[in-house]
file query27.cif (mmCIF, C-alpha atoms)
data_run
#
loop_
_atom_site.group_PDB
_atom_site.id
_atom_site.type_symbol
_atom_site.label_atom_id
_atom_site.label_comp_id
_atom_site.auth_asym_id
_atom_site.auth_seq_id
_atom_site.Cartn_x
_atom_site.Cartn_y
_atom_site.Cartn_z
ATOM 1 C CA MET A 1 -29.925 3.106 -19.818
ATOM 2 C CA LYS A 2 -27.973 3.747 -22.993
ATOM 3 C CA CYS A 3 -24.270 3.159 -23.694
ATOM 4 C CA GLU A 4 -22.670 6.484 -24.627
ATOM 5 C CA GLU A 5 -20.092 4.779 -26.835
ATOM 6 C CA CYS A 6 -22.202 2.435 -29.013
ATOM 7 C CA GLY A 7 -25.803 3.526 -28.302
ATOM 8 C CA THR A 8 -26.921 0.079 -27.037
ATOM 9 C CA TYR A 9 -29.730 0.080 -24.457
ATOM 10 C CA PHE A 10 -29.224 -2.069 -21.365
ATOM 11 C CA TYR A 11 -30.804 -2.843 -17.999
ATOM 12 C CA GLU A 12 -29.833 -0.408 -15.237
ATOM 13 C CA ARG A 13 -28.144 -3.100 -13.111
ATOM 14 C CA LYS A 14 -26.149 -4.602 -15.990
ATOM 15 C CA GLY A 15 -22.440 -4.312 -15.357
ATOM 16 C CA THR A 16 -22.890 -4.284 -11.591
ATOM 17 C CA VAL A 17 -22.755 -7.187 -9.168
ATOM 18 C CA TYR A 18 -26.519 -6.769 -8.640
ATOM 19 C CA TYR A 19 -27.358 -7.845 -12.201
ATOM 20 C CA GLY A 20 -29.421 -11.054 -12.123
ATOM 21 C CA ILE A 21 -30.112 -10.912 -8.384
ATOM 22 C CA LYS A 22 -33.816 -11.095 -7.641
ATOM 23 C CA LYS A 23 -33.666 -9.566 -4.147
ATOM 24 C CA PRO A 24 -33.288 -5.852 -3.357
ATOM 25 C CA ASP A 25 -29.720 -4.504 -3.427
ATOM 26 C CA TYR A 26 -29.710 -3.681 0.279
ATOM 27 C CA ILE A 27 -30.246 -7.352 1.192
ATOM 28 C CA PHE A 28 -27.206 -8.347 -0.885
ATOM 29 C CA ASP A 29 -25.201 -5.590 0.854
ATOM 30 C CA GLN A 30 -26.397 -6.759 4.281
ATOM 31 C CA VAL A 31 -25.291 -10.330 3.558
ATOM 32 C CA MET A 32 -21.799 -9.130 2.606
ATOM 33 C CA LEU A 33 -21.538 -6.949 5.721
ATOM 34 C CA LEU A 34 -22.719 -9.793 7.941
ATOM 35 C CA LEU A 35 -20.000 -11.991 6.438
ATOM 36 C CA MET A 36 -17.421 -9.336 7.334
ATOM 37 C CA MET A 37 -18.821 -9.249 10.875
ATOM 38 C CA ARG A 38 -18.008 -12.965 11.136
ATOM 39 C CA VAL A 39 -21.609 -14.128 11.084
ATOM 40 C CA ALA A 40 -21.879 -17.732 9.921
ATOM 41 C CA ILE A 41 -23.803 -18.441 6.703
ATOM 42 C CA LYS A 42 -26.312 -20.621 8.601
ATOM 43 C CA ASP A 43 -27.071 -17.678 10.893
ATOM 44 C CA ILE A 44 -27.427 -15.305 7.938
ATOM 45 C CA THR A 45 -29.991 -17.669 6.389
ATOM 46 C CA ARG A 46 -32.014 -17.600 9.602
ATOM 47 C CA PHE A 47 -31.718 -13.826 9.943
ATOM 48 C CA ILE A 48 -32.399 -12.797 6.319
ATOM 49 C CA GLY A 49 -34.497 -15.764 5.179
ATOM 50 C CA ILE A 50 -32.444 -16.723 2.112
ATOM 51 C CA SER A 51 -31.166 -20.233 1.406
ATOM 52 C CA GLU A 52 -27.538 -21.231 1.944
ATOM 53 C CA GLU A 53 -27.284 -22.028 -1.775
ATOM 54 C CA THR A 54 -28.354 -18.501 -2.712
ATOM 55 C CA ILE A 55 -25.900 -16.958 -0.276
ATOM 56 C CA GLY A 56 -23.179 -19.226 -1.675
ATOM 57 C CA ARG A 57 -23.935 -18.020 -5.216
ATOM 58 C CA TRP A 58 -23.892 -14.409 -4.017
ATOM 59 C CA ILE A 59 -20.542 -14.906 -2.277
ATOM 60 C CA LYS A 60 -19.007 -16.352 -5.453
ATOM 61 C CA LYS A 61 -20.466 -13.558 -7.577
ATOM 62 C CA ALA A 62 -19.286 -10.807 -5.213
ATOM 63 C CA ALA A 63 -15.851 -12.427 -4.946
ATOM 64 C CA GLY A 64 -15.374 -12.511 -8.723
ATOM 65 C CA TYR A 65 -16.492 -8.923 -9.077
ATOM 66 C CA LEU A 66 -14.394 -7.656 -6.148
ATOM 67 C CA GLN A 67 -11.330 -9.628 -7.279
ATOM 68 C CA ALA A 68 -11.395 -7.878 -10.659
ATOM 69 C CA LEU A 69 -11.898 -4.502 -8.974
ATOM 70 C CA HIS A 70 -9.250 -5.185 -6.326
ATOM 71 C CA ASP A 71 -6.732 -6.240 -8.988
ATOM 72 C CA ARG A 72 -7.427 -3.066 -10.949
ATOM 73 C CA VAL A 73 -6.866 -0.847 -7.895
ATOM 74 C CA LEU A 74 -3.721 -2.662 -6.746
ATOM 75 C CA LYS A 75 -2.132 -3.187 -10.174
ATOM 76 C CA ASP A 76 0.234 -0.234 -9.767
ATOM 77 C CA LEU A 77 1.125 -0.964 -6.142
ATOM 78 C CA GLU A 78 4.842 -1.006 -5.536
ATOM 79 C CA VAL A 79 6.085 -2.509 -2.287
ATOM 80 C CA THR A 80 9.164 -0.870 -0.834
ATOM 81 C CA GLU A 81 11.164 -1.356 2.332
ATOM 82 C CA GLU A 82 11.618 1.654 4.556
ATOM 83 C CA ILE A 83 13.215 1.978 7.972
ATOM 84 C CA VAL A 84 11.083 4.338 10.042
ATOM 85 C CA PHE A 85 12.766 3.961 13.428
ATOM 86 C CA GLY A 86 16.433 3.515 14.302
ATOM 87 C CA ASN A 87 19.759 3.816 12.546
ATOM 88 C CA GLU A 88 19.809 2.102 9.147
ATOM 89 C CA LYS A 89 23.438 0.969 9.472
ATOM 90 C CA GLU A 90 22.870 -0.591 12.919
ATOM 91 C CA ILE A 91 19.708 -2.327 11.781
ATOM 92 C CA ARG A 92 21.474 -3.753 8.701
ATOM 93 C CA GLU A 93 24.329 -5.056 10.900
ATOM 94 C CA ILE A 94 21.902 -6.719 13.328
ATOM 95 C CA LEU A 95 19.966 -8.312 10.482
ATOM 96 C CA GLU A 96 23.136 -9.590 8.796
ATOM 97 C CA ALA A 97 24.321 -11.113 12.095
ATOM 98 C CA SER A 98 20.938 -12.712 12.783
ATOM 99 C CA PRO A 99 20.926 -16.503 12.400
ATOM 100 C CA VAL A 100 17.146 -16.438 11.903
ATOM 101 C CA SER A 101 16.299 -13.827 9.267
ATOM 102 C CA ASN A 102 17.607 -10.873 7.300
ATOM 103 C CA ARG A 103 14.213 -9.101 7.105
ATOM 104 C CA ILE A 104 11.845 -7.525 9.631
ATOM 105 C CA ASN A 105 8.472 -8.586 8.200
ATOM 106 C CA THR A 106 7.238 -11.468 10.348
ATOM 107 C CA SER A 107 5.291 -9.351 12.827
ATOM 108 C CA ILE A 108 3.366 -7.676 10.002
ATOM 109 C CA VAL A 109 2.529 -11.044 8.444
ATOM 110 C CA GLU A 110 1.501 -12.490 11.814
ATOM 111 C CA ARG A 111 -0.690 -9.459 12.526
ATOM 112 C CA MET A 112 -2.393 -9.862 9.138
ATOM 113 C CA ASN A 113 -2.926 -13.585 9.805
ATOM 114 C CA GLY A 114 -4.423 -12.777 13.204
ATOM 115 C CA THR A 115 -6.720 -10.121 11.756
ATOM 116 C CA THR A 116 -7.823 -12.437 8.941
ATOM 117 C CA ARG A 117 -8.544 -15.281 11.373
ATOM 118 C CA ALA A 118 -10.513 -12.928 13.588
ATOM 119 C CA LYS A 119 -12.621 -11.492 10.757
ATOM 120 C CA VAL A 120 -13.275 -14.442 8.401
ATOM 121 C CA SER A 121 -15.649 -16.857 10.121
ATOM 122 C CA PRO A 122 -14.465 -20.073 8.391
ATOM 123 C CA MET A 123 -10.921 -19.365 9.612
ATOM 124 C CA VAL A 124 -11.787 -18.837 13.272
ATOM 125 C CA ARG A 125 -10.317 -21.627 15.359
ATOM 126 C CA ASN A 126 -12.789 -24.056 16.941
ATOM 127 C CA SER A 127 -15.622 -22.751 14.793
ATOM 128 C CA TYR A 128 -18.737 -24.371 13.388
ATOM 129 C CA SER A 129 -18.778 -22.057 10.380
ATOM 130 C CA PHE A 130 -16.274 -23.926 8.232
ATOM 131 C CA CYS A 131 -16.371 -24.104 4.436
ATOM 132 C CA LYS A 132 -17.078 -27.455 2.808
ATOM 133 C CA LYS A 133 -15.362 -26.433 -0.424
ATOM 134 C CA VAL A 134 -12.073 -24.618 -0.983
ATOM 135 C CA GLU A 135 -13.681 -22.328 -3.599
ATOM 136 C CA MET A 136 -16.059 -20.955 -0.941
ATOM 137 C CA LEU A 137 -13.166 -20.226 1.421
ATOM 138 C CA GLU A 138 -11.298 -18.509 -1.431
ATOM 139 C CA ALA A 139 -14.399 -16.449 -2.290
ATOM 140 C CA HIS A 140 -14.880 -15.487 1.361
ATOM 141 C CA LEU A 141 -11.210 -14.430 1.612
ATOM 142 C CA THR A 142 -11.457 -12.425 -1.629
ATOM 143 C CA ILE A 143 -14.403 -10.456 -0.243
ATOM 144 C CA TYR A 144 -12.530 -9.946 3.032
ATOM 145 C CA PHE A 145 -9.352 -8.637 1.357
ATOM 146 C CA ALA A 146 -11.345 -6.210 -0.796
ATOM 147 C CA TYR A 147 -13.183 -5.115 2.363
ATOM 148 C CA TYR A 148 -9.879 -4.768 4.255
ATOM 149 C CA ASN A 149 -8.180 -2.694 1.547
ATOM 150 C CA LEU A 150 -11.031 -0.643 0.063
ATOM 151 C CA ILE A 151 -13.755 -0.293 2.723
ATOM 152 C CA TRP A 152 -12.444 -0.809 6.260
ATOM 153 C CA ILE A 153 -11.305 2.433 7.886
ATOM 154 C CA HIS A 154 -8.458 1.380 10.161
ATOM 155 C CA SER A 155 -8.556 2.761 13.703
ATOM 156 C CA ARG A 156 -5.225 4.577 14.062
ATOM 157 C CA PRO A 157 -4.626 6.134 10.640
ATOM 158 C CA LYS A 158 -8.402 6.701 10.138
ATOM 159 C CA ARG A 159 -8.104 5.666 6.474
ATOM 160 C CA THR A 160 -8.347 2.527 4.372
ATOM 161 C CA ALA A 161 -5.248 0.564 3.365
ATOM 162 C CA ALA A 162 -5.696 1.650 -0.273
ATOM 163 C CA CYS A 163 -5.870 5.306 0.799
ATOM 164 C CA LEU A 164 -2.723 4.914 2.918
ATOM 165 C CA ALA A 165 -0.909 3.464 -0.110
ATOM 166 C CA GLY A 166 -2.069 6.420 -2.229
ATOM 167 C CA LEU A 167 -4.150 4.204 -4.540
ATOM 168 C CA LEU A 168 -7.560 5.694 -3.651
ATOM 169 C CA SER A 169 -8.638 9.062 -2.330
ATOM 170 C CA LYS A 170 -11.583 7.859 -0.206
ATOM 171 C CA ALA A 171 -13.073 4.863 1.562
ATOM 172 C CA TYR A 172 -15.862 3.059 -0.270
ATOM 173 C CA THR A 173 -18.907 1.111 0.882
ATOM 174 C CA PHE A 174 -19.990 -2.241 -0.517
ATOM 175 C CA ARG A 175 -22.851 -0.392 -2.239
ATOM 176 C CA GLU A 176 -20.479 2.039 -3.983
ATOM 177 C CA LEU A 177 -18.158 -0.764 -5.107
ATOM 178 C CA PHE A 178 -20.980 -3.015 -6.288
ATOM 179 C CA GLU A 179 -22.592 -0.209 -8.303
ATOM 180 C CA LEU A 180 -19.405 0.568 -10.234
ATOM 181 C CA ARG A 181 -19.816 -0.284 -13.897
ATOM 182 C CA THR A 182 -17.162 -1.192 -16.357
ATOM 183 C CA PRO A 183 -17.835 -1.126 -20.095
ATOM 184 C CA GLU A 184 -16.691 -4.720 -20.658
ATOM 185 C CA PHE A 185 -19.507 -5.964 -18.393
ATOM 186 C CA ILE A 186 -22.200 -3.991 -20.265
ATOM 187 C CA CYS A 187 -21.625 -4.475 -23.975
ATOM 188 C CA GLU A 188 -18.865 -5.714 -26.215
ATOM 189 C CA HIS A 189 -17.789 -2.971 -28.605
#
call {"tool": "encode", "arguments": {"input": "query27.cif", "output": "structure tokens"}}
result
Amino acid sequence: MKCEECGTYFYERKGTVYYGIKKPDYIFDQVMLLLMMRVAIKDITRFIGISEETIGRWIKKAAGYLQALHDRVLKDLEVTEEIVFGNEKEIREILEASPVSNRINTSIVERMNGTTRAKVSPMVRNSYSFCKKVEMLEAHLTIYFAYYNLIWIHSRPKRTAACLAGLLSKAYTFRELFELRTPEFICEH
């Protein structure tokens, strides 16, 4: 392929997460999907036939790539508070009188914690699929949060979180996200 801006020729996979990976793209995609289905890395190695070290490298690579992409999509996100049910004045009075809290966010945070624990295998309670290093847990969580916001179509609204926030117009797949190229990954002009 050729850069339209500077005319430099480069390998077709350069600038994507697949660059430097010696296995077919679909195997990389399958590993990421299996992680999101809470399959332990040891089980993925048995199923796909790739070493734990290779899968670990892939997880770190995908996490770095998805973190940059996720940050770019969410950079303009503005969080606001909106009362959708009830009388605003009454709710404010109840919150001000509450000895516990003056906000209504704990259930949302607890639901997110529950969903994360249910979907990320190293965080499942009483699990054998723990992470030996914090960086692997962080990488696994990064992939999960990108999956949650950009790929996962939520059951009730039938859209992704990024679509609901008005940041994207469609749901993506891992393949579509991993094939996105950015000029800074291809050549330095």
call {"tool": "closest_residue", "arguments": {"input": "query27.cif", "among": "A:Cys3, A:Ala118, A:Ala162, A:Val17", "to": "Leu77 (chain A)", "atoms": "all atoms listed in the file"}}
result
A:Ala162
call {"tool": "axis_aligned_box", "arguments": {"input": "query27.cif", "around": "region 114-120 of chain A", "padding_each_side": "3 Å", "output": "AutoDock Vina command-line options"}}
result
--center_x -8.8 --center_y -12.7 --center_z 11.0 --size_x 14.9 --size_y 11.2 --size_z 11.2
call {"tool": "closest_residue", "arguments": {"input": "query27.cif", "among": "A:Val120, A:Ile27, A:Ile44, A:Leu69", "to": "Phe178 (chain A)", "atoms": "all atoms listed in the file"}}
result
A:Leu69
call {"tool": "residues_around", "arguments": {"input": "query27.cif", "residues": "region 141-145 of chain A", "least_positions_apart": "4", "cutoff": "12 Å", "atoms": "only C-alpha atoms", "output": "number ranges by chain"}}
result
A: 29, 31-38, 58-71, 74, 112-113, 115-123, 131, 134-137, 149-152, 160-162, 174, 177-178
call {"tool": "atom_distance", "arguments": {"input": "query27.cif", "atom1": "CA of Ile83 (chain A)", "atom2": "CA of Lys170 (chain A)"}}
result
26.8 Å
call {"tool": "atom_distance", "arguments": {"input": "query27.cif", "atom1": "CA of Pro157 (chain A)", "atom2": "CA of Lys75 (chain A)"}}
result
22.9 Å
